[in-house]
$ cat work-v1.pdb   # PDB, C-alpha atoms and all ligand atoms
ATOM      1  CA  MET B   1      -7.261 -12.288 -20.924  1.00  0.00           C
ATOM      2  CA  ALA B   2      -9.751  -9.521 -20.426  1.00  0.00           C
ATOM      3  CA  THR B   3      -7.721  -6.515 -19.468  1.00  0.00           C
ATOM      4  CA  THR B   4      -4.113  -5.888 -18.784  1.00  0.00           C
ATOM      5  CA  PRO B   5      -3.406  -3.389 -16.039  1.00  0.00           C
ATOM      6  CA  ASN B   6      -1.231  -0.731 -17.564  1.00  0.00           C
ATOM      7  CA  LYS B   7      -0.398   1.116 -14.430  1.00  0.00           C
ATOM      8  CA  PHE B   8      -0.847   0.843 -10.722  1.00  0.00           C
ATOM      9  CA  ASP B   9      -3.751   2.635  -9.200  1.00  0.00           C
ATOM     10  CA  ILE B  10      -2.449   2.439  -5.687  1.00  0.00           C
ATOM     11  CA  ARG B  11      -0.720   5.529  -4.443  1.00  0.00           C
ATOM     12  CA  ARG B  12       1.105   6.649  -1.373  1.00  0.00           C
ATOM     13  CA  ASN B  13      -1.138   7.368   1.623  1.00  0.00           C
ATOM     14  CA  ASP B  14      -3.976   5.276   0.217  1.00  0.00           C
ATOM     15  CA  THR B  15      -5.699   2.933   2.631  1.00  0.00           C
ATOM     16  CA  VAL B  16      -5.567  -0.622   1.384  1.00  0.00           C
ATOM     17  CA  LYS B  17      -6.748  -4.002   2.555  1.00  0.00           C
ATOM     18  CA  ILE B  18      -4.626  -7.101   2.197  1.00  0.00           C
ATOM     19  CA  ILE B  19      -6.594  -9.742   0.327  1.00  0.00           C
ATOM     20  CA  SER B  20      -4.192 -12.654   0.398  1.00  0.00           C
ATOM     21  CA  GLY B  21      -1.084 -13.909   2.078  1.00  0.00           C
ATOM     22  CA  ARG B  22       0.025 -13.984   5.673  1.00  0.00           C
ATOM     23  CA  ASP B  23      -1.552 -10.657   6.569  1.00  0.00           C
ATOM     24  CA  LYS B  24      -4.862 -11.238   4.811  1.00  0.00           C
ATOM     25  CA  GLY B  25      -7.609  -9.008   6.188  1.00  0.00           C
ATOM     26  CA  LYS B  26      -5.271  -6.400   7.558  1.00  0.00           C
ATOM     27  CA  GLN B  27      -5.732  -2.816   6.595  1.00  0.00           C
ATOM     28  CA  GLY B  28      -3.150  -0.095   6.453  1.00  0.00           C
ATOM     29  CA  ARG B  29      -1.777   3.019   4.887  1.00  0.00           C
ATOM     30  CA  VAL B  30       0.504   2.807   1.874  1.00  0.00           C
ATOM     31  CA  LEU B  31       3.912   4.081   2.865  1.00  0.00           C
ATOM     32  CA  ARG B  32       5.598   3.598  -0.458  1.00  0.00           C
ATOM     33  CA  VAL B  33       4.864   2.309  -3.952  1.00  0.00           C
ATOM     34  CA  ILE B  34       7.585   0.432  -5.776  1.00  0.00           C
ATOM     35  CA  PRO B  35       6.327   0.399  -9.372  1.00  0.00           C
ATOM     36  CA  GLY B  36       9.385  -1.365 -10.765  1.00  0.00           C
ATOM     37  CA  LYS B  37       8.630  -4.392  -8.631  1.00  0.00           C
ATOM     38  CA  GLY B  38       4.859  -4.078  -8.562  1.00  0.00           C
ATOM     39  CA  ARG B  39       4.924  -3.873  -4.819  1.00  0.00           C
ATOM     40  CA  VAL B  40       3.747  -1.600  -2.066  1.00  0.00           C
ATOM     41  CA  LEU B  41       4.911  -1.011   1.445  1.00  0.00           C
ATOM     42  CA  VAL B  42       1.915  -0.982   3.783  1.00  0.00           C
ATOM     43  CA  GLU B  43       2.085   0.284   7.325  1.00  0.00           C
ATOM     44  CA  HIS B  44       2.138  -2.537   9.926  1.00  0.00           C
ATOM     45  CA  VAL B  45       1.711  -5.190   7.247  1.00  0.00           C
ATOM     46  CA  SER B  46       4.118  -8.016   6.517  1.00  0.00           C
ATOM     47  CA  MET B  47       6.309  -7.136   9.459  1.00  0.00           C
ATOM     48  CA  THR B  48       9.597  -8.883   9.774  1.00  0.00           C
ATOM     49  CA  LYS B  49      11.987  -8.779  12.649  1.00  0.00           C
ATOM     50  CA  LYS B  50      15.395  -7.496  11.928  1.00  0.00           C
ATOM     51  CA  HIS B  51      18.341  -7.820  14.191  1.00  0.00           C
ATOM     52  CA  VAL B  52      20.075  -4.529  14.659  1.00  0.00           C
ATOM     53  CA  ARG B  53      23.635  -4.233  15.761  1.00  0.00           C
ATOM     54  CA  PRO B  54      24.406  -1.583  18.283  1.00  0.00           C
ATOM     55  CA  ASN B  55      26.212   1.377  16.819  1.00  0.00           C
ATOM     56  CA  PRO B  56      27.000   3.917  19.510  1.00  0.00           C
ATOM     57  CA  GLN B  57      28.432   6.365  16.995  1.00  0.00           C
ATOM     58  CA  ARG B  58      25.080   6.693  15.275  1.00  0.00           C
ATOM     59  CA  ASN B  59      23.183   6.301  18.539  1.00  0.00           C
ATOM     60  CA  ILE B  60      21.606   3.019  17.461  1.00  0.00           C
ATOM     61  CA  LYS B  61      20.756   0.537  20.167  1.00  0.00           C
ATOM     62  CA  GLY B  62      21.106  -3.116  19.393  1.00  0.00           C
ATOM     63  CA  GLY B  63      18.206  -5.489  19.488  1.00  0.00           C
ATOM     64  CA  ILE B  64      15.304  -6.485  17.306  1.00  0.00           C
ATOM     65  CA  ALA B  65      13.541  -3.936  15.159  1.00  0.00           C
ATOM     66  CA  GLU B  66      10.366  -4.621  13.274  1.00  0.00           C
ATOM     67  CA  GLN B  67      10.136  -3.513   9.709  1.00  0.00           C
ATOM     68  CA  GLU B  68       7.579  -3.681   6.931  1.00  0.00           C
ATOM     69  CA  THR B  69       8.382  -5.681   3.821  1.00  0.00           C
ATOM     70  CA  PRO B  70       6.738  -4.811   0.505  1.00  0.00           C
ATOM     71  CA  VAL B  71       3.717  -6.842  -0.603  1.00  0.00           C
ATOM     72  CA  ALA B  72       2.586  -7.485  -4.172  1.00  0.00           C
ATOM     73  CA  ILE B  73       0.131  -4.899  -5.468  1.00  0.00           C
ATOM     74  CA  SER B  74      -2.117  -7.742  -6.655  1.00  0.00           C
ATOM     75  CA  ASN B  75      -2.537  -8.731  -3.011  1.00  0.00           C
ATOM     76  CA  VAL B  76      -4.013  -5.434  -1.925  1.00  0.00           C
ATOM     77  CA  MET B  77      -7.293  -3.659  -2.615  1.00  0.00           C
ATOM     78  CA  LEU B  78      -7.997   0.011  -2.264  1.00  0.00           C
ATOM     79  CA  VAL B  79     -10.459   0.773   0.516  1.00  0.00           C
ATOM     80  CA  CYS B  80     -13.379   3.116  -0.078  1.00  0.00           C
ATOM     81  CA  ALA B  81     -14.435   5.122   2.973  1.00  0.00           C
ATOM     82  CA  GLN B  82     -18.085   4.190   2.322  1.00  0.00           C
ATOM     83  CA  CYS B  83     -18.044   0.583   1.185  1.00  0.00           C
ATOM     84  CA  GLY B  84     -14.728  -0.920   2.149  1.00  0.00           C
ATOM     85  CA  PRO B  85     -12.402  -2.729  -0.246  1.00  0.00           C
ATOM     86  CA  THR B  86     -13.355  -1.909  -3.793  1.00  0.00           C
ATOM     87  CA  ARG B  87     -12.285  -1.911  -7.387  1.00  0.00           C
ATOM     88  CA  ILE B  88     -11.110   1.325  -8.853  1.00  0.00           C
ATOM     89  CA  GLY B  89     -12.835   3.134 -11.675  1.00  0.00           C
ATOM     90  CA  HIS B  90     -11.854   6.303 -13.441  1.00  0.00           C
ATOM     91  CA  GLN B  91     -13.791   9.428 -14.121  1.00  0.00           C
ATOM     92  CA  LEU B  92     -12.954  12.647 -15.836  1.00  0.00           C
ATOM     93  CA  GLN B  93     -13.698  15.589 -13.553  1.00  0.00           C
ATOM     94  CA  GLY B  94     -12.887  18.818 -15.339  1.00  0.00           C
ATOM     95  CA  ASP B  95      -9.528  18.094 -16.895  1.00  0.00           C
ATOM     96  CA  LYS B  96      -8.542  15.657 -14.194  1.00  0.00           C
ATOM     97  CA  ASN B  97      -8.775  11.913 -14.376  1.00  0.00           C
ATOM     98  CA  VAL B  98      -9.741  10.900 -10.863  1.00  0.00           C
ATOM     99  CA  ARG B  99     -10.051   7.502  -9.278  1.00  0.00           C
ATOM    100  CA  VAL B 100     -13.549   6.593  -8.157  1.00  0.00           C
ATOM    101  CA  CYS B 101     -15.081   3.700  -6.253  1.00  0.00           C
ATOM    102  CA  LYS B 102     -16.701   1.241  -8.659  1.00  0.00           C
ATOM    103  CA  LYS B 103     -19.480   0.502  -6.179  1.00  0.00           C
ATOM    104  CA  CYS B 104     -20.644   3.914  -4.955  1.00  0.00           C
ATOM    105  CA  GLY B 105     -18.918   6.274  -7.349  1.00  0.00           C
ATOM    106  CA  ALA B 106     -17.285   8.308  -4.597  1.00  0.00           C
ATOM    107  CA  THR B 107     -13.992   9.853  -5.466  1.00  0.00           C
ATOM    108  CA  LEU B 108     -10.995   8.127  -3.951  1.00  0.00           C
ATOM    109  CA  GLU B 109      -8.690  11.107  -4.166  1.00  0.00           C
ATOM    110  CA  LYS B 110      -7.829  12.911  -0.992  1.00  0.00           C
TER     111      LYS B 110
HETATM  112 ZN    ZN G 201     -17.507   3.199  -2.366  1.00  0.00          ZN
END
$ encode --input "work-v1.pdb" --output "structure tokens"
Amino acid sequence: MATTPNKFDIRRNDTVKIISGRDKGKQGRVLRVIPGKGRVLVEHVSMTKKHVRPNPQRNIKGGIAEQETPVAISNVMLVCAQCGPTRIGHQLQGDKNVRVCKKCGATLEK
């Protein structure tokens, strides 16, 4: 093995592209990172339908609601604004370690 990823470089509000699985090719914003499971919740990706029971007390209408399910972090790639899906590099800028695009070197921090 070459390298072992020690931590996840995907963060909330990042734009990622799905590189495998049912939603391959889709792109979306990261809603939540679940480090313990190595998964991320991506907006409009891996939608599942959930049947919701009506609950008038909480003003919930019954029916079918769509909901994201978390996808494995290994199935997503961070998207660079310039070059699209890319691998993440790191660079020290001042005293900050920032994530940069491995292709064009642009910073990936917002
Ligand atoms: Zn780039």
$ residues_near_ligand --input "work-v1.pdb" --ligand "ligand ZN 201 (chain G)" --cutoff "7 Å" --atoms "only C-alpha atoms and all ligand atoms" --output "PyMOL selection string"
chain B and resi 80-84+86+101-106
$ closest_residue --input "work-v1.pdb" --among "B:Ile88, B:Gly94, B:Phe8, B:Asn59" --to "Thr107 (chain B)" --atoms "all atoms listed in the file"
B:Ile88
$ atom_distance --input "work-v1.pdb" --atom1 "CA of Val45 (chain B)" --atom2 "CA of Gly63 (chain B)"
20.5 Å
$ resolve_selection --input "work-v1.pdb" --expression "the PyMOL selection byres (((chain B and resi 27) around 6) and not hetatm)" --output "list in words"
Val16, Lys17, Lys26 and Gly28 of chain B
$ atom_distance --input "work-v1.pdb" --atom1 "CA of Leu78 (chain B)" --atom2 "CA of Arg22 (chain B)"
18.0 Å
$ closest_residue --input "work-v1.pdb" --among "B:Lys110, B:Lys24, B:Arg11, B:Arg32" --to "Pro70 (chain B)" --atoms "all atoms listed in the file"
B:Arg32
$ atom_distance --input "work-v1.pdb" --atom1 "CA of Thr48 (chain B)" --atom2 "CA of Arg12 (chain B)"
20.9 Å
$ resolve_selection --input "work-v1.pdb" --expression "the PyMOL selection byres (((chain B and resi 42) around 6) and not hetatm)" --output "list in words"
Gly28, Arg29, Val30, Leu31, Leu41, Glu43 and Val45 of chain B
$ closest_residue --input "work-v1.pdb" --among "B:Gly89, B:Val98, B:Ile60, B:Asp23" --to "Met47 (chain B)" --atoms "all atoms listed in the file"
B:Asp23
$ residues_around --input "work-v1.pdb" --residues "Ala65 (chain B)" --least-positions-apart "3" --cutoff "9 Å" --atoms "only C-alpha atoms" --output "PyMOL selection string"
chain B and resi 48-52+62
$ closest_residue --input "work-v1.pdb" --among "B:Asn97, B:Ile10, B:Ile19, B:Val71" --to "Arg39 (chain B)" --atoms "only C-alpha atoms"
B:Val71
$ axis_aligned_box --input "work-v1.pdb" --around "region 50-55 of chain B" --padding-each-side "5 Å" --output "JSON"
{"center_x": 20.8, "center_y": -3.2, "center_z": 15.1, "size_x": 20.8, "size_y": 19.2, "size_z": 16.4}
$ closest_residue --input "work-v1.pdb" --among "B:Glu68, B:Glu109, B:Gly36, B:Ile18" --to "Pro85 (chain B)" --atoms "all atoms listed in the file"
B:Ile18
$ resolve_selection --input "work-v1.pdb" --expression "the PyMOL selection byres (((chain B and resi 75) around 8) and not hetatm)" --output "VMD selection string"
chain B and resid 18 to 21 71 to 74 76 to 77
